[in-house]
Structures are given as C-alpha cells and as structure tokens.
Amino acid sequence: MSGHSKWSTIKRKKGAADEKRGKIFTNIIKEITIAARLGGGDDSANPRLRQAIDKAKSANMPADNIKRAIQKGTGELPGVNYEEYVYEGYGPAGVAIMMEVLTDNKNRTVAEIRHLMTKYGGNLGENGSVAWMFDKKGQIIIDKANYDEDTMFELVLECGAEDFEVEDEEFIIATDPSEMMAVRDQLTAKNVNIKSAEIELIPKNLQKVEGDDVNRLLNLMEALEDHEDLKNVFANFDIDEDLLTDN
C-alpha cells in the first residue's frame, strides 16, 4: 500500500477504543439502525448490517441493544432518523482530513465540526477537496504474535486479499471494500483470530508533520474523535514515532 492509516494505528496503541466505550456503543447503534433501514433487518442478506452486528458483539454490546437498533431501523420500533455524511478539510501542516458522520441534525453537527477545525488550526473544505487523496479499502487487523509471517502471507493471498503489511505487532490486510467480509470469514474459518475488520479511507500519500504542528494536529484529531456524531476520522499525516511518546 502507498500509505496506511497512521491515526488508526495510534488509536490502537493508545487503547482509545476502550477509553471511549460509551461513544463506540452510540456509533454502533447508529450504524446498525442506518444499515437496517437501508438494507433490511436480515443480516444474512445485508453485509453492512452483518459487519455492524459483528462490531457490536466484539464490543460486548448486549443482544437486546442490537435487536432494538435493528427494529428502529426497520421501523418496527420508533426511533431517531439518523443520516450519514462525509466532510472534508485540512488540519495543521496541510494535512488532509476525512470525517464520516452519523447525525440526526446536520446543521448542528457541521457547525460544531467547523468550530473544532478552526479552534485547532484547521478548516473545512468543499466536497471533493481532499477525497481524491484517499482510497477506500477493507482493513483487517491480526495480532502477529501467534502466527508465522510467511504462512500468514500465503493464507491471506489465498483468501483474496489485495495487500499484506507488517507493522509493529500487527498484520494489516487490505481488501476491496466489497470483499472484506468474505476475506474475514475465510480467515476465521481457518482459525485465524481477527482483531478488527473495518472499511477505512487509506491515504495515497503521507504528509510529514513536524514541530509544533504535531501537538496541534493530534489535539484536533482527538477533539474530532471525541465528537459524538463522528463515526470515523481519517488523515494522511506521517509523524515520527519518537514525537508521539509524550502525546
């Protein structure tokens, strides 16, 4: 791959998912509701819903919560009507940022995002201003501790993945977005333990960030991640590992 999601790597290292479990549950419920509304409540015929349910189970979400979210999506239960949007912009040092949003109030959310971007030295851009800098890919993450690298590489290619990368203690497997769940299922059938499987926006090239811009950028990314309506945040920055120690 020409680039990878540095921000996703940083979040995994920080254990940010564990620290923000409440927000994760909220986002998963929104995602399940939208997926059920758009594709129906049968996860066997709705890949997006199945992915959302798998994520909910991985986060130990109670089954009743999952069921209610599906029923709200299909209209069997009353619920909030969430919509999804993508916003684009620039952060400090000209870093390109993509933001996937699930909200019941577009005007409120975009105003709040604009405020955060301005506060931390960034700005919202027009549609298409930075989207061309990213490719949408499935990203399957596997802890490499219990697997031989050469064996895993061959297995991943057999399952139809597009690319295979080793980073620190993880194998990162790239797939076509439409094939991610199929590749994931094949790996699971071969007793491979999947750490996560997500559709991500992968930067085609990385923007080097140095000096004071490092803290400004990371503060912006954290603030965006903390916003309850942001499902995912992606950026094309590259920061030296030693500069992340104190962040």
# chains A, B, ... in the order shown; residues from 1 in each chain; ligands from 1

call {"tool": "residues_around", "arguments": {"residues": "region 172-187 of chain A", "least_positions_apart": "2", "cutoff": "6 Å", "atoms": "only C-alpha atoms", "output": "list in words"}}
result
Lys137, Gly138, Gln139, Ile140, Ile141, Cys159, Ala161, Glu162, Asp163, Phe164, Glu165, Ala189, Lys190 and Val192 of chain A

call {"tool": "write_last_selection", "arguments": {"atoms": "N, CA, C and O atoms", "output": "PDB file, in the first residue's frame"}}
result
ATOM      1  N   LYS A 137     -10.660   1.139   1.416  1.00  0.00           N
ATOM      2  CA  LYS A 137     -10.196  -0.243   1.486  1.00  0.00           C
ATOM      3  C   LYS A 137     -10.728  -0.928   2.740  1.00  0.00           C
ATOM      4  O   LYS A 137     -10.949  -0.300   3.770  1.00  0.00           O
ATOM      5  N   GLY A 138     -10.913  -2.225   2.638  1.00  0.00           N
ATOM      6  CA  GLY A 138     -11.133  -3.023   3.833  1.00  0.00           C
ATOM      7  C   GLY A 138      -9.803  -3.203   4.543  1.00  0.00           C
ATOM      8  O   GLY A 138      -8.781  -3.410   3.891  1.00  0.00           O
ATOM      9  N   GLN A 139      -9.812  -3.100   5.860  1.00  0.00           N
ATOM     10  CA  GLN A 139      -8.591  -3.257   6.647  1.00  0.00           C
ATOM     11  C   GLN A 139      -8.845  -4.293   7.737  1.00  0.00           C
ATOM     12  O   GLN A 139      -9.617  -4.056   8.673  1.00  0.00           O
ATOM     13  N   ILE A 140      -8.194  -5.426   7.613  1.00  0.00           N
ATOM     14  CA  ILE A 140      -8.317  -6.497   8.604  1.00  0.00           C
ATOM     15  C   ILE A 140      -7.034  -6.522   9.420  1.00  0.00           C
ATOM     16  O   ILE A 140      -5.940  -6.589   8.861  1.00  0.00           O
ATOM     17  N   ILE A 141      -7.176  -6.455  10.742  1.00  0.00           N
ATOM     18  CA  ILE A 141      -6.019  -6.403  11.632  1.00  0.00           C
ATOM     19  C   ILE A 141      -5.918  -7.708  12.408  1.00  0.00           C
ATOM     20  O   ILE A 141      -6.906  -8.196  12.975  1.00  0.00           O
ATOM     21  N   CYS A 159      -6.978 -16.150   0.325  1.00  0.00           N
ATOM     22  CA  CYS A 159      -8.328 -15.712   0.697  1.00  0.00           C
ATOM     23  C   CYS A 159      -8.815 -14.533  -0.142  1.00  0.00           C
ATOM     24  O   CYS A 159      -9.942 -14.071   0.047  1.00  0.00           O
ATOM     25  N   ALA A 161      -7.182 -11.391  -0.563  1.00  0.00           N
ATOM     26  CA  ALA A 161      -6.813 -10.048  -0.128  1.00  0.00           C
ATOM     27  C   ALA A 161      -5.970  -9.358  -1.200  1.00  0.00           C
ATOM     28  O   ALA A 161      -5.368 -10.018  -2.060  1.00  0.00           O
ATOM     29  N   GLU A 162      -5.925  -8.027  -1.143  1.00  0.00           N
ATOM     30  CA  GLU A 162      -5.154  -7.252  -2.115  1.00  0.00           C
ATOM     31  C   GLU A 162      -3.731  -6.987  -1.663  1.00  0.00           C
ATOM     32  O   GLU A 162      -2.829  -6.860  -2.491  1.00  0.00           O
ATOM     33  N   ASP A 163      -3.526  -6.857  -0.367  1.00  0.00           N
ATOM     34  CA  ASP A 163      -2.202  -6.475   0.124  1.00  0.00           C
ATOM     35  C   ASP A 163      -2.016  -6.962   1.549  1.00  0.00           C
ATOM     36  O   ASP A 163      -2.983  -7.249   2.264  1.00  0.00           O
ATOM     37  N   PHE A 164      -0.754  -7.040   1.954  1.00  0.00           N
ATOM     38  CA  PHE A 164      -0.384  -7.568   3.266  1.00  0.00           C
ATOM     39  C   PHE A 164       0.787  -6.747   3.783  1.00  0.00           C
ATOM     40  O   PHE A 164       1.763  -6.534   3.083  1.00  0.00           O
ATOM     41  N   GLU A 165       0.665  -6.248   4.999  1.00  0.00           N
ATOM     42  CA  GLU A 165       1.694  -5.383   5.559  1.00  0.00           C
ATOM     43  C   GLU A 165       1.927  -5.762   7.018  1.00  0.00           C
ATOM     44  O   GLU A 165       0.996  -6.143   7.737  1.00  0.00           O
ATOM     45  N   ALA A 189     -12.582 -19.004   9.300  1.00  0.00           N
ATOM     46  CA  ALA A 189     -12.798 -20.441   9.082  1.00  0.00           C
ATOM     47  C   ALA A 189     -11.506 -21.232   9.195  1.00  0.00           C
ATOM     48  O   ALA A 189     -11.521 -22.444   9.474  1.00  0.00           O
ATOM     49  N   LYS A 190     -10.380 -20.557   8.970  1.00  0.00           N
ATOM     50  CA  LYS A 190      -9.073 -21.207   9.089  1.00  0.00           C
ATOM     51  C   LYS A 190      -8.453 -20.953  10.472  1.00  0.00           C
ATOM     52  O   LYS A 190      -7.240 -21.059  10.655  1.00  0.00           O
ATOM     53  N   VAL A 192      -8.080 -18.238  12.221  1.00  0.00           N
ATOM     54  CA  VAL A 192      -7.300 -17.023  12.445  1.00  0.00           C
ATOM     55  C   VAL A 192      -8.138 -16.074  13.301  1.00  0.00           C
ATOM     56  O   VAL A 192      -9.307 -15.806  12.991  1.00  0.00           O
TER      57      VAL A 192
END

call {"tool": "residues_around", "arguments": {"residues": "region 98-107 of chain A", "least_positions_apart": "4", "cutoff": "10 Å", "atoms": "only C-alpha atoms", "output": "ChimeraX atom specification"}}
result
/A:27,30-31,34,80-90,111-113,124-125,129-131,133-134,201,224-225,227-236

call {"tool": "residues_around", "arguments": {"residues": "Ile28 (chain A)", "least_positions_apart": "2", "cutoff": "12 Å", "atoms": "only C-alpha atoms", "output": "ChimeraX atom specification"}}
result
/A:21-26,30-35,48-62,65-66,69-70,102,228-232

call {"tool": "atom_distance", "arguments": {"atom1": "CA of Asp143 (chain A)", "atom2": "CA of Asn215 (chain A)"}}
result
28.7 Å

call {"tool": "select_by_dssp", "arguments": {"residues": "region 114-237 of chain A", "states": "alpha helix (DSSP H)", "output": "PyMOL selection string"}}
result
chain A and resi 114-119+149-158+180-189+212-226

call {"tool": "write_last_selection", "arguments": {"atoms": "C-alpha atoms", "output": "short mmCIF file (atom, residue, chain, number, x, y, z; two decimals), in the first residue's frame"}}
result
data_model
loop_
_atom_site.label_atom_id
_atom_site.label_comp_id
_atom_site.auth_asym_id
_atom_site.auth_seq_id
_atom_site.Cartn_x
_atom_site.Cartn_y
_atom_site.Cartn_z
CA ARG A 114 -16.28 23.78 11.76
CA HIS A 115 -15.71 25.20 15.25
CA LEU A 116 -13.32 22.38 16.18
CA MET A 117 -11.41 22.66 12.92
CA THR A 118 -10.94 26.40 13.39
CA LYS A 119 -10.06 26.09 17.08
CA GLU A 149 4.59 -14.24 8.83
CA ASP A 150 5.29 -16.30 5.69
CA THR A 151 2.42 -18.69 6.43
CA MET A 152 0.03 -15.83 7.06
CA PHE A 153 1.12 -14.05 3.88
CA GLU A 154 0.29 -17.12 1.76
CA LEU A 155 -3.00 -17.64 3.57
CA VAL A 156 -4.07 -14.04 3.10
CA LEU A 157 -3.41 -14.14 -0.64
CA GLU A 158 -5.35 -17.42 -0.94
CA MET A 180 -13.71 -7.57 3.22
CA MET A 181 -16.32 -9.69 5.00
CA ALA A 182 -15.70 -12.63 2.65
CA VAL A 183 -11.93 -12.48 3.32
CA ARG A 184 -12.61 -12.11 7.03
CA ASP A 185 -14.91 -15.15 7.02
CA GLN A 186 -12.34 -17.27 5.17
CA LEU A 187 -9.63 -16.34 7.66
CA THR A 188 -11.94 -17.04 10.59
CA ALA A 189 -12.80 -20.44 9.08
CA ASP A 212 4.59 22.48 16.94
CA ASP A 213 2.20 21.20 14.28
CA VAL A 214 2.40 17.69 15.80
CA ASN A 215 0.59 18.65 19.00
CA ARG A 216 -1.85 20.91 17.19
CA LEU A 217 -2.77 18.14 14.77
CA LEU A 218 -3.10 15.41 17.40
CA ASN A 219 -5.24 17.69 19.58
CA LEU A 220 -7.51 18.30 16.59
CA MET A 221 -7.76 14.58 15.83
CA GLU A 222 -8.60 13.79 19.46
CA ALA A 223 -11.26 16.52 19.55
CA LEU A 224 -12.87 15.21 16.37
CA GLU A 225 -12.77 11.63 17.67
CA ASP A 226 -14.50 12.76 20.87
#

call {"tool": "select_by_dssp", "arguments": {"residues": "region 127-162 of chain A", "states": "strand (DSSP E)", "output": "PyMOL selection string"}}
result
chain A and resi 134-143

call {"tool": "write_last_selection", "arguments": {"atoms": "N, CA, C and O atoms", "output": "short mmCIF file (atom, residue, chain, number, x, y, z; two decimals), in the first residue's frame"}}
result
data_model
loop_
_atom_site.label_atom_id
_atom_site.label_comp_id
_atom_site.auth_asym_id
_atom_site.auth_seq_id
_atom_site.Cartn_x
_atom_site.Cartn_y
_atom_site.Cartn_z
N PHE A 134 -7.46 9.82 -1.01
CA PHE A 134 -7.69 8.59 -0.25
C PHE A 134 -8.30 7.50 -1.13
O PHE A 134 -9.02 7.80 -2.07
N ASP A 135 -8.01 6.26 -0.77
CA ASP A 135 -8.67 5.10 -1.37
C ASP A 135 -9.47 4.38 -0.29
O ASP A 135 -8.99 4.22 0.85
N LYS A 136 -10.66 3.93 -0.62
CA LYS A 136 -11.46 3.16 0.33
C LYS A 136 -11.05 1.69 0.27
O LYS A 136 -11.07 1.09 -0.80
N LYS A 137 -10.66 1.14 1.42
CA LYS A 137 -10.20 -0.24 1.49
C LYS A 137 -10.73 -0.93 2.74
O LYS A 137 -10.95 -0.30 3.77
N GLY A 138 -10.91 -2.22 2.64
CA GLY A 138 -11.13 -3.02 3.83
C GLY A 138 -9.80 -3.20 4.54
O GLY A 138 -8.78 -3.41 3.89
N GLN A 139 -9.81 -3.10 5.86
CA GLN A 139 -8.59 -3.26 6.65
C GLN A 139 -8.84 -4.29 7.74
O GLN A 139 -9.62 -4.06 8.67
N ILE A 140 -8.19 -5.43 7.61
CA ILE A 140 -8.32 -6.50 8.60
C ILE A 140 -7.03 -6.52 9.42
O ILE A 140 -5.94 -6.59 8.86
N ILE A 141 -7.18 -6.46 10.74
CA ILE A 141 -6.02 -6.40 11.63
C ILE A 141 -5.92 -7.71 12.41
O ILE A 141 -6.91 -8.20 12.97
N ILE A 142 -4.71 -8.27 12.43
CA ILE A 142 -4.45 -9.53 13.14
C ILE A 142 -3.21 -9.35 14.01
O ILE A 142 -2.20 -8.82 13.55
N ASP A 143 -3.30 -9.77 15.27
CA ASP A 143 -2.11 -9.78 16.12
C ASP A 143 -1.16 -10.84 15.58
O ASP A 143 -1.55 -11.99 15.36
#

call {"tool": "residues_around", "arguments": {"residues": "Lys208 (chain A)", "least_positions_apart": "5", "cutoff": "9 Å", "atoms": "only C-alpha atoms", "output": "JSON, numbers by chain"}}
result
{"A": [93, 95, 236, 237, 238, 239, 240]}
